[in-house]
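Raw contents of structure10.txt, compact mmCIF, C-alpha atoms:
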# COMPACT_ATOMS: atom_id res chain seq x y z
CA MET A 1 105.56 111.54 68.35
CA SER A 2 103.37 108.81 69.81
CA LYS A 3 101.56 109.44 73.06
CA ILE A 4 100.86 107.05 75.91
CA ILE A 5 97.72 108.10 77.77
CA SER A 6 96.47 106.53 80.99
CA ILE A 7 92.80 106.68 81.83
CA HIS A 8 92.30 106.33 85.53
CA SER A 9 89.69 106.67 88.23
CA PHE A 10 90.13 106.24 91.94
CA ARG A 11 86.86 104.37 92.27
CA GLY A 12 85.09 101.89 90.05
CA GLY A 13 81.91 102.61 88.11
CA THR A 14 82.98 106.00 86.78
CA GLY A 15 82.63 104.95 83.13
CA LYS A 16 86.36 104.66 82.60
CA SER A 17 86.28 101.81 80.10
CA ASN A 18 83.42 103.29 78.11
CA THR A 19 85.19 106.63 77.95
CA THR A 20 88.45 104.95 76.90
CA ALA A 21 86.73 102.98 74.14
CA ASN A 22 84.89 106.00 72.78
CA LEU A 23 87.93 108.28 72.83
CA ALA A 24 89.97 105.60 71.06
CA ALA A 25 87.24 105.16 68.45
CA LEU A 26 87.10 108.90 67.74
CA LEU A 27 90.89 109.04 67.37
CA ALA A 28 90.85 106.08 64.97
CA MET A 29 87.98 107.63 63.00
CA ASP A 30 90.14 110.76 62.68
CA GLY A 31 92.82 108.69 60.96
CA PHE A 32 95.17 107.77 63.79
CA ARG A 33 96.63 104.39 64.66
CA VAL A 34 95.41 103.71 68.16
CA GLY A 35 95.95 100.95 70.71
CA ILE A 36 94.03 100.21 73.89
CA VAL A 37 95.46 98.03 76.64
CA ASP A 38 93.08 96.67 79.24
CA THR A 39 95.27 96.57 82.33
CA ASP A 40 92.29 96.00 84.55
CA ILE A 41 93.45 92.39 84.76
CA GLN A 42 91.43 91.55 87.85
CA SER A 43 88.15 92.73 86.35
CA PRO A 44 88.49 93.16 82.57
CA GLY A 45 85.59 94.50 80.54
CA ILE A 46 86.46 96.87 77.70
CA HIS A 47 86.48 94.01 75.15
CA VAL A 48 82.69 93.77 75.54
CA ILE A 49 82.23 97.23 74.00
CA PHE A 50 84.01 95.91 70.90
CA GLY A 51 81.79 92.84 70.75
CA MET A 52 84.55 90.43 71.75
CA ASP A 53 84.28 87.37 73.90
CA ASP A 54 86.60 84.63 75.05
CA SER A 55 86.48 82.82 71.71
CA ASP A 56 87.77 85.91 69.88
CA MET A 57 90.90 86.17 72.01
CA LYS A 58 93.70 84.07 70.65
CA HIS A 59 96.08 85.72 73.07
CA SER A 60 95.58 88.20 75.89
CA LEU A 61 97.69 90.54 78.00
CA ASN A 62 97.94 87.71 80.53
CA ASP A 63 99.74 85.51 77.98
CA TYR A 64 102.28 88.26 77.39
CA LEU A 65 102.85 88.79 81.11
CA TRP A 66 103.42 85.06 81.56
CA GLY A 67 105.89 84.98 78.69
CA LYS A 68 103.65 82.92 76.42
CA CYS A 69 103.63 85.41 73.54
CA ASP A 70 104.93 88.72 72.26
CA ILE A 71 102.65 91.61 73.23
CA LYS A 72 102.02 92.28 69.53
CA ASP A 73 100.43 88.83 69.28
CA ALA A 74 97.90 89.86 71.91
CA ALA A 75 96.81 92.88 69.84
CA HIS A 76 93.47 92.38 68.11
CA ASP A 77 92.52 94.62 65.22
CA VAL A 78 89.02 95.82 66.16
CA THR A 79 88.77 98.50 63.47
CA GLY A 80 86.11 96.51 61.64
CA LYS A 81 84.03 96.20 64.78
CA LEU A 82 83.49 99.93 65.09
CA GLY A 83 80.68 99.96 62.58
CA ALA A 84 81.75 103.31 61.21
CA ASP A 85 83.93 104.85 58.56
CA VAL A 86 87.38 104.61 60.13
CA LYS A 87 90.35 106.26 58.46
CA GLY A 88 92.87 104.94 60.97
CA GLN A 89 93.23 101.65 62.78
CA LEU A 90 92.28 100.49 66.26
CA PHE A 91 93.88 97.64 68.21
CA LEU A 92 92.76 96.18 71.50
CA ILE A 93 94.97 94.20 73.85
CA PRO A 94 92.40 92.57 76.10
CA SER A 95 92.92 90.94 79.46
CA SER A 96 91.84 87.35 79.80
CA ILE A 97 88.28 86.69 80.88
CA LYS A 98 88.96 83.08 81.75
CA ALA A 99 88.20 82.55 85.42
CA GLY A 100 91.24 80.35 85.94
CA GLU A 101 93.59 82.90 84.41
CA ILE A 102 92.18 85.75 86.52
CA ALA A 103 92.60 83.48 89.52
CA ARG A 104 96.22 82.86 88.59
CA ILE A 105 96.86 86.61 88.45
CA LEU A 106 95.29 87.02 91.88
CA ARG A 107 97.40 84.21 93.24
CA GLU A 108 100.76 84.78 91.59
CA GLY A 109 100.77 88.47 90.73
CA TYR A 110 102.80 89.58 87.75
CA ASP A 111 105.81 91.63 86.84
CA VAL A 112 104.41 95.14 86.48
CA GLY A 113 107.65 96.29 84.91
CA LEU A 114 106.91 94.05 81.95
CA LEU A 115 103.94 96.28 81.21
CA THR A 116 106.15 99.28 80.48
CA ASP A 117 108.35 97.25 78.18
CA GLY A 118 105.20 95.95 76.52
CA PHE A 119 103.65 99.40 76.09
CA ARG A 120 106.78 100.70 74.37
CA ASP A 121 107.02 97.60 72.20
CA LEU A 122 103.41 98.04 71.14
CA VAL A 123 103.91 101.66 70.19
CA ASP A 124 106.95 100.71 68.08
CA LYS A 125 105.73 97.50 66.50
CA LEU A 126 102.20 98.67 65.68
CA GLU A 127 103.44 102.19 64.81
CA LEU A 128 100.83 103.70 67.07
CA ASP A 129 100.03 107.37 67.31
CA TYR A 130 98.21 106.86 70.61
CA LEU A 131 98.23 104.11 73.21
CA LEU A 132 95.40 104.33 75.71
CA ILE A 133 95.78 102.42 78.96
CA ASP A 134 92.53 101.46 80.66
CA THR A 135 93.79 101.06 84.22
CA HIS A 136 92.45 99.25 87.24
CA PRO A 137 90.54 101.61 89.57
CA GLY A 138 92.37 102.76 92.68
CA LEU A 139 96.09 102.88 93.22
CA ASN A 140 98.55 100.04 93.11
CA GLU A 141 101.97 99.35 91.62
CA GLU A 142 100.52 98.93 88.13
CA THR A 143 98.44 102.11 88.11
CA LEU A 144 101.36 104.15 89.45
CA LEU A 145 103.61 102.74 86.78
CA SER A 146 101.06 103.49 84.07
CA MET A 147 100.86 107.09 85.25
CA ALA A 148 104.63 107.35 85.51
CA ILE A 149 105.21 106.45 81.88
CA SER A 150 102.29 108.39 80.39
CA GLN A 151 102.52 111.67 78.55
CA ALA A 152 98.95 112.40 79.58
CA LEU A 153 96.64 111.23 82.33
CA ILE A 154 92.87 111.40 82.09
CA ILE A 155 91.32 111.25 85.53
CA ILE A 156 87.64 110.38 85.53
CA MET A 157 85.40 111.01 88.50
CA ARG A 158 81.73 111.36 89.28
CA PRO A 159 80.41 114.35 91.22
CA ASP A 160 80.21 112.25 94.36
CA SER A 161 81.76 112.98 97.75
CA GLN A 162 83.65 109.67 97.81
CA ASP A 163 85.07 110.42 94.38
CA TYR A 164 86.19 113.88 95.46
CA GLN A 165 88.31 112.49 98.29
CA GLY A 166 89.80 109.65 96.30
CA THR A 167 90.50 111.78 93.27
CA ALA A 168 92.40 114.24 95.44
CA VAL A 169 94.83 111.43 96.26
CA THR A 170 95.22 110.55 92.58
CA VAL A 171 95.84 114.16 91.60
CA ASP A 172 98.44 114.52 94.31
CA ILE A 173 100.28 111.41 93.17
CA ALA A 174 100.09 112.40 89.50
CA ARG A 175 101.74 115.70 90.41
CA LYS A 176 104.49 113.91 92.29
CA LEU A 177 105.04 111.74 89.22
CA ASP A 178 105.42 114.87 87.07
CA VAL A 179 102.70 113.71 84.65
CA PRO A 180 103.07 116.30 81.88
CA ASN A 181 99.40 116.66 81.02
CA MET A 182 96.58 116.00 83.46
CA LEU A 183 93.04 116.07 82.07
CA MET A 184 90.17 115.95 84.53
CA VAL A 185 86.81 114.60 83.36
CA VAL A 186 83.63 114.58 85.43
CA ASN A 187 81.31 111.85 84.21
CA LYS A 188 77.72 110.77 84.85
CA THR A 189 76.73 114.21 86.12
CA PRO A 190 73.05 114.15 87.20
CA GLN A 191 70.71 116.29 85.11
CA ALA A 192 69.74 118.19 88.28
CA PHE A 193 73.26 119.63 88.51
CA GLU A 194 74.40 122.74 86.67
CA LEU A 195 77.36 121.52 84.60
CA GLU A 196 79.26 124.77 84.97
CA ASP A 197 78.83 124.71 88.76
CA VAL A 198 80.28 121.21 88.84
CA ARG A 199 83.20 122.27 86.68
CA GLU A 200 83.92 125.24 88.94
CA ARG A 201 83.75 123.14 92.10
CA VAL A 202 86.07 120.44 90.75
CA GLU A 203 88.58 122.95 89.39
CA LYS A 204 88.61 124.71 92.72
CA SER A 205 88.98 121.43 94.65
CA PHE A 206 91.92 120.11 92.64
CA ASN A 207 93.42 123.29 91.24
CA CYS A 208 93.47 121.89 87.74
CA GLU A 209 91.49 122.33 84.56
CA VAL A 210 88.39 120.24 83.98
CA VAL A 211 88.33 119.31 80.32
CA SER A 212 84.81 118.03 80.25
CA VAL A 213 81.74 117.65 82.42
CA ILE A 214 79.72 114.86 80.85
CA PRO A 215 76.03 114.75 81.70
CA HIS A 216 74.37 111.53 82.80
CA SER A 217 73.01 109.84 79.71
CA GLU A 218 70.03 107.52 79.60
CA GLU A 219 71.07 106.48 76.11
CA MET A 220 74.47 105.40 77.44
CA MET A 221 72.79 103.35 80.15
CA VAL A 222 70.43 101.72 77.69
CA LEU A 223 73.30 100.97 75.32
CA ALA A 224 74.84 99.07 78.23
CA SER A 225 78.31 98.67 76.66
CA SER A 226 76.84 96.74 73.74
CA GLU A 227 78.39 99.12 71.21
CA LEU A 228 80.26 102.39 70.88
CA PHE A 229 78.25 105.41 71.93
CA VAL A 230 79.98 107.84 69.56
CA VAL A 231 79.10 105.65 66.59
CA ARG A 232 75.51 105.09 67.61
CA TYR A 233 74.85 108.69 68.72
CA PRO A 234 77.23 110.93 66.75
CA ASP A 235 75.28 114.12 67.49
CA ASP A 236 74.53 113.52 71.16
CA PRO A 237 75.85 116.06 73.71
CA VAL A 238 77.89 113.27 75.31
CA THR A 239 79.61 112.56 72.00
CA LYS A 240 80.39 116.27 71.73
CA GLU A 241 82.05 116.12 75.14
CA PHE A 242 84.12 113.10 74.04
CA ARG A 243 85.12 115.11 70.99
CA ILE A 244 86.31 117.97 73.24
CA ILE A 245 88.51 115.53 75.17
CA VAL A 246 89.92 114.10 71.93
CA ASP A 247 90.76 117.58 70.68
CA LYS A 248 92.59 118.21 73.94
CA ILE A 249 94.51 114.93 73.57
CA LYS A 250 95.54 115.88 70.06
CA ALA A 251 96.60 119.40 71.03
CA MET B 30 130.05 106.50 101.11
CA GLN B 31 128.96 105.93 104.73
CA PHE B 32 126.11 107.99 106.17
CA SER B 33 124.14 105.69 108.38
CA LYS B 34 126.04 106.34 111.60
CA SER B 35 126.36 110.08 111.25
CA GLY B 36 122.86 110.79 109.91
CA PRO B 37 121.95 112.84 106.86
CA PRO B 38 124.56 115.24 105.44
CA LYS B 39 124.29 119.00 105.78
CA LYS B 40 121.69 120.76 103.62
CA ASP B 41 124.21 122.43 101.33
CA ASP B 42 125.87 119.10 100.50
CA ARG B 43 123.73 118.31 97.44
CA LEU B 44 125.59 115.21 96.35
CA GLY B 45 125.67 113.87 99.89
CA ASN B 46 121.93 114.40 100.26
CA TYR B 47 121.10 112.66 96.99
CA MET B 48 123.31 109.70 97.90
CA TRP B 49 121.88 109.54 101.39
CA GLU B 50 118.34 109.58 100.07
CA LEU B 51 119.06 106.85 97.56
CA GLU B 52 120.72 104.75 100.22
CA HIS B 53 118.01 105.16 102.80
CA ARG B 54 114.57 105.74 101.26
CA PRO B 55 113.99 102.35 99.65
CA GLN B 56 115.89 99.80 101.64
CA SER B 57 116.70 97.62 98.64
CA LYS B 58 115.72 98.05 94.99
CA ILE B 59 113.80 101.06 93.72
CA LEU B 60 110.32 99.99 92.62
CA PRO B 61 108.02 102.25 90.58
CA SER B 62 105.94 103.22 93.61
CA ASP B 63 109.11 104.07 95.56
CA VAL B 64 109.65 107.04 93.26
CA LEU B 65 106.98 108.89 95.22
CA LYS B 66 109.14 108.74 98.33
CA PHE B 67 111.96 110.80 96.87
CA SER B 68 112.25 114.54 97.08
CA ASP B 69 112.84 116.80 94.11
CA PRO B 70 114.97 116.98 92.02
CA LEU B 71 115.94 113.34 92.54
CA ARG B 72 112.33 112.36 91.95
CA ALA B 73 112.35 114.32 88.70
CA VAL B 74 115.33 112.25 87.51
CA LEU B 75 113.54 108.99 88.29
CA ASN B 76 110.27 110.26 86.75
CA GLN B 77 111.98 111.33 83.54
CA ALA B 78 113.82 108.02 83.29
CA ALA B 79 110.57 106.08 83.80
CA ARG B 80 108.51 108.18 81.39
CA ILE B 81 110.96 108.38 78.52
CA GLY B 82 112.59 105.03 79.17
CA ARG B 83 116.13 106.38 79.30
CA ILE B 84 118.20 109.24 80.69
CA SER B 85 121.69 110.50 79.92
CA LEU B 86 124.49 111.58 82.19
CA SER B 87 124.19 115.18 81.00
CA GLU B 88 120.45 115.19 81.73
CA VAL B 89 121.03 113.91 85.26
CA SER B 90 123.81 116.41 85.71
CA LYS B 91 121.50 119.24 84.65
CA LEU B 92 118.50 118.11 86.67
CA LEU B 93 120.54 117.62 89.85
CA ASP B 94 122.73 120.67 89.24
CA LEU B 95 125.87 118.59 89.76
CA PRO B 96 129.10 118.35 87.75
CA PRO B 97 129.16 115.21 85.54
CA GLU B 98 131.57 113.28 87.76
CA GLN B 99 129.25 113.74 90.76
CA ALA B 100 126.14 113.00 88.70
CA GLN B 101 127.85 109.79 87.63
CA ARG B 102 128.11 108.71 91.25
CA VAL B 103 124.38 109.23 91.69
CA ILE B 104 123.69 107.25 88.52
CA ASP B 105 125.94 104.43 89.67
CA LEU B 106 123.89 104.14 92.84
CA ILE B 107 120.60 104.17 90.90
CA VAL B 108 122.03 101.39 88.71
CA GLU B 109 122.97 99.51 91.86
CA LYS B 110 119.36 99.95 93.02
CA ASP B 111 118.32 98.31 89.74
CA PHE B 112 116.29 101.22 88.37
CA LEU B 113 118.67 102.03 85.52
CA ARG B 114 120.57 99.69 83.25
CA ARG B 115 124.25 100.33 82.56
CA PRO B 116 124.81 100.90 78.82
CA SER B 117 127.08 98.57 76.90
CA SER B 118 129.23 101.47 75.75
CA LEU B 119 129.86 104.42 78.06
CA GLY B 120 131.32 107.21 75.89
CA ASP B 121 131.26 110.89 76.90
CA ASN B 122 127.57 111.09 77.62
CA PRO B 123 126.29 107.58 78.37
CA VAL B 124 122.56 106.93 78.12
CA TYR B 125 121.00 104.69 80.74
CA GLU B 126 117.78 102.79 80.12
CA THR B 127 115.20 102.18 82.80
CA ARG B 128 114.93 98.68 84.06
CA LEU B 129 111.44 98.20 85.34
CA ALA B 130 110.86 94.59 84.40
CA VAL B 131 111.93 91.54 86.39
CA ARG B 132 110.74 93.04 89.62
CA THR B 133 107.65 91.06 90.40
CA ARG B 134 105.62 92.37 93.25
CA LYS B 135 102.55 90.37 93.99
CA LEU B 136 99.41 92.42 93.60
CA ASN B 137 97.71 90.52 96.33
CA ASP B 138 99.20 87.75 98.38
CA GLU B 139 96.97 88.21 101.36
CA LEU B 140 93.85 86.45 100.14
CA PRO B 141 92.39 84.13 102.76
CA LYS B 142 93.35 80.50 102.28
CA GLU B 143 89.78 79.36 101.72
CA ILE B 144 89.38 81.81 98.82
CA LEU B 145 92.66 80.67 97.28
CA ASN B 146 91.49 77.07 97.60
CA LYS B 147 88.29 77.94 95.76
CA LEU B 148 90.29 79.71 93.05
CA ASP B 149 92.29 76.53 92.61
CA ASP B 150 89.07 74.71 91.80
CA LEU B 151 88.29 77.00 88.88
For this file, write the structure as structure tokens.
Amino acid sequence: MSKIISIHSFRGGTGKSNTTANLAALLAMDGFRVGIVDTDIQSPGIHVIFGMDDSDMKHSLNDYLWGKCDIKDAAHDVTGKLGADVKGQLFLIPSSIKAGEIARILREGYDVGLLTDGFRDLVDKLELDYLLIDTHPGLNEETLLSMAISQALIIIMRPDSQDYQGTAVTVDIARKLDVPNMLMVVNKTPQAFELEDVRERVEKSFNCEVVSVIPHSEEMMVLASSELFVVRYPDDPVTKEFRIIVDKIKA
Amino acid sequence: MQFSKSGPPKKDDRLGNYMWELEHRPQSKILPSDVLKFSDPLRAVLNQAARIGRISLSEVSKLLDLPPEQAQRVIDLIVEKDFLRRPSSLGDNPVYETRLAVRTRKLNDELPKEILNKLDDL
């Protein structure tokens, strides 16, 4: 059975898109058919990790939401861009990076309900095993809807006091939405912190399991979203943490 | 069913409470974020319908612990609130699909005019 998984953070800058891209890549490398939807329509970015720019996007999620195309037409096969041996297939549905189209979204809004129809269409038409939704940070109608229809929710936070408060809100809402599987990930953990102490504190704060505490990585910073971390650094401790999350998704 | 003048029904009136909640929590249609406002097990019904994309009369009946004819009344009201779509054929155990599209809510319509004017220039 295919799984829809939302990746969410209450605040920006948690590494949500990078985590989404790397998890999707690992799943595709394992032989699964995987889709990523960039629903961060106001500030899209995940396409950069796959080396895409405006000229590569024949259609985007925006076109689908405005009724200009079927959502399948906005799916770009990025399997070849991974630069690795991939047994499965990876599709990206990017959001438009044209300033005028982002402006139109800000001005006119869009029918968030169309997203759910689109997600289900994508899963069916592309025969996906996993659909990963890279959500907009914070909470709005779209992020709530993404959580509501997901079989799993990955909540990403940094060990930062602002993140702790905001994440508590997200966890509370996810529980009210009966999200079947909630996976907590702590990212960008400073080297000065004991990873196990962070895990314990977060688990105690939110009363839920922390799947992974990912250490801050200079290599990730230097890579600067120019390519996929798990491909470039397959044996890095951060890649091992991504692998743990993937195993949990597959379980 | 009229509740507004007499207030919420008694606690042991399950059907009455579900109907009252559906009538009063969201004033008009049920939007995805409105689901959070409902109490269990009504919220569980709406969550399951949203997550799976459909829900049957027997599932609603089980979740709400109501006989099918009473569960049907709850479903009818959810359909009226535009969260579920009435199936073309009813049968013994009709399956209702969620209807989340065609319910545009602007993400942000409070941008200052000068910013909107600048966006128009893009």
Of A:Asn207, A:Thr170, A:Asn140, A:Ser6, the one sitting nearest chain B when using only C-alpha atoms is A:Asn140
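Among the candidates B:Pro37, B:Pro97, B:Pro61, B:Pro123, the one nearest to chain A when counting only C-alpha atoms is B:Pro61.
Compared by their closest atoms to chain B, and using all atoms listed in the file, the residues A:Leu65, A:Ala75, A:Met29, A:Leu106 rank with A:Leu106 nearest.
In this model, the gap between atom CA of A:Leu122 and atom CA of A:Arg33 comes to 11.3 Å.
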Please, which residues of chain A lie no more than 6 Å from chain B when the count uses all atoms listed in the file, and can they be set out as a list of chain:residue names?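 Every residue meeting the condition is included here: A:Gly100, A:Ala103, A:Gly109, A:Tyr110, A:Asp111, A:Gly113, A:Leu114, A:Glu141, A:Leu145, A:Ala148, A:Ile149, A:Leu177.
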Do a neighbour search on A:Arg158 at 10 Å with only C-alpha atoms, toss out local chain neighbours closer than 5 positions, and write the hits as JSON, numbers by chain. {"A": [9, 11, 13, 14, 15, 163, 164, 167, 185, 186, 187, 188, 189, 190, 198, 213, 214, 216]}
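From atom CA of B:Asp105 back to atom CA of B:Lys58, the distance works out to 13.2 Å.
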Straight-line distance linking atom CA of A:Val171 with atom CA of A:Asp40, stated in Å to one decimal: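 Going from atom CA of A:Val171 over to atom CA of A:Asp40 covers 19.8 Å.
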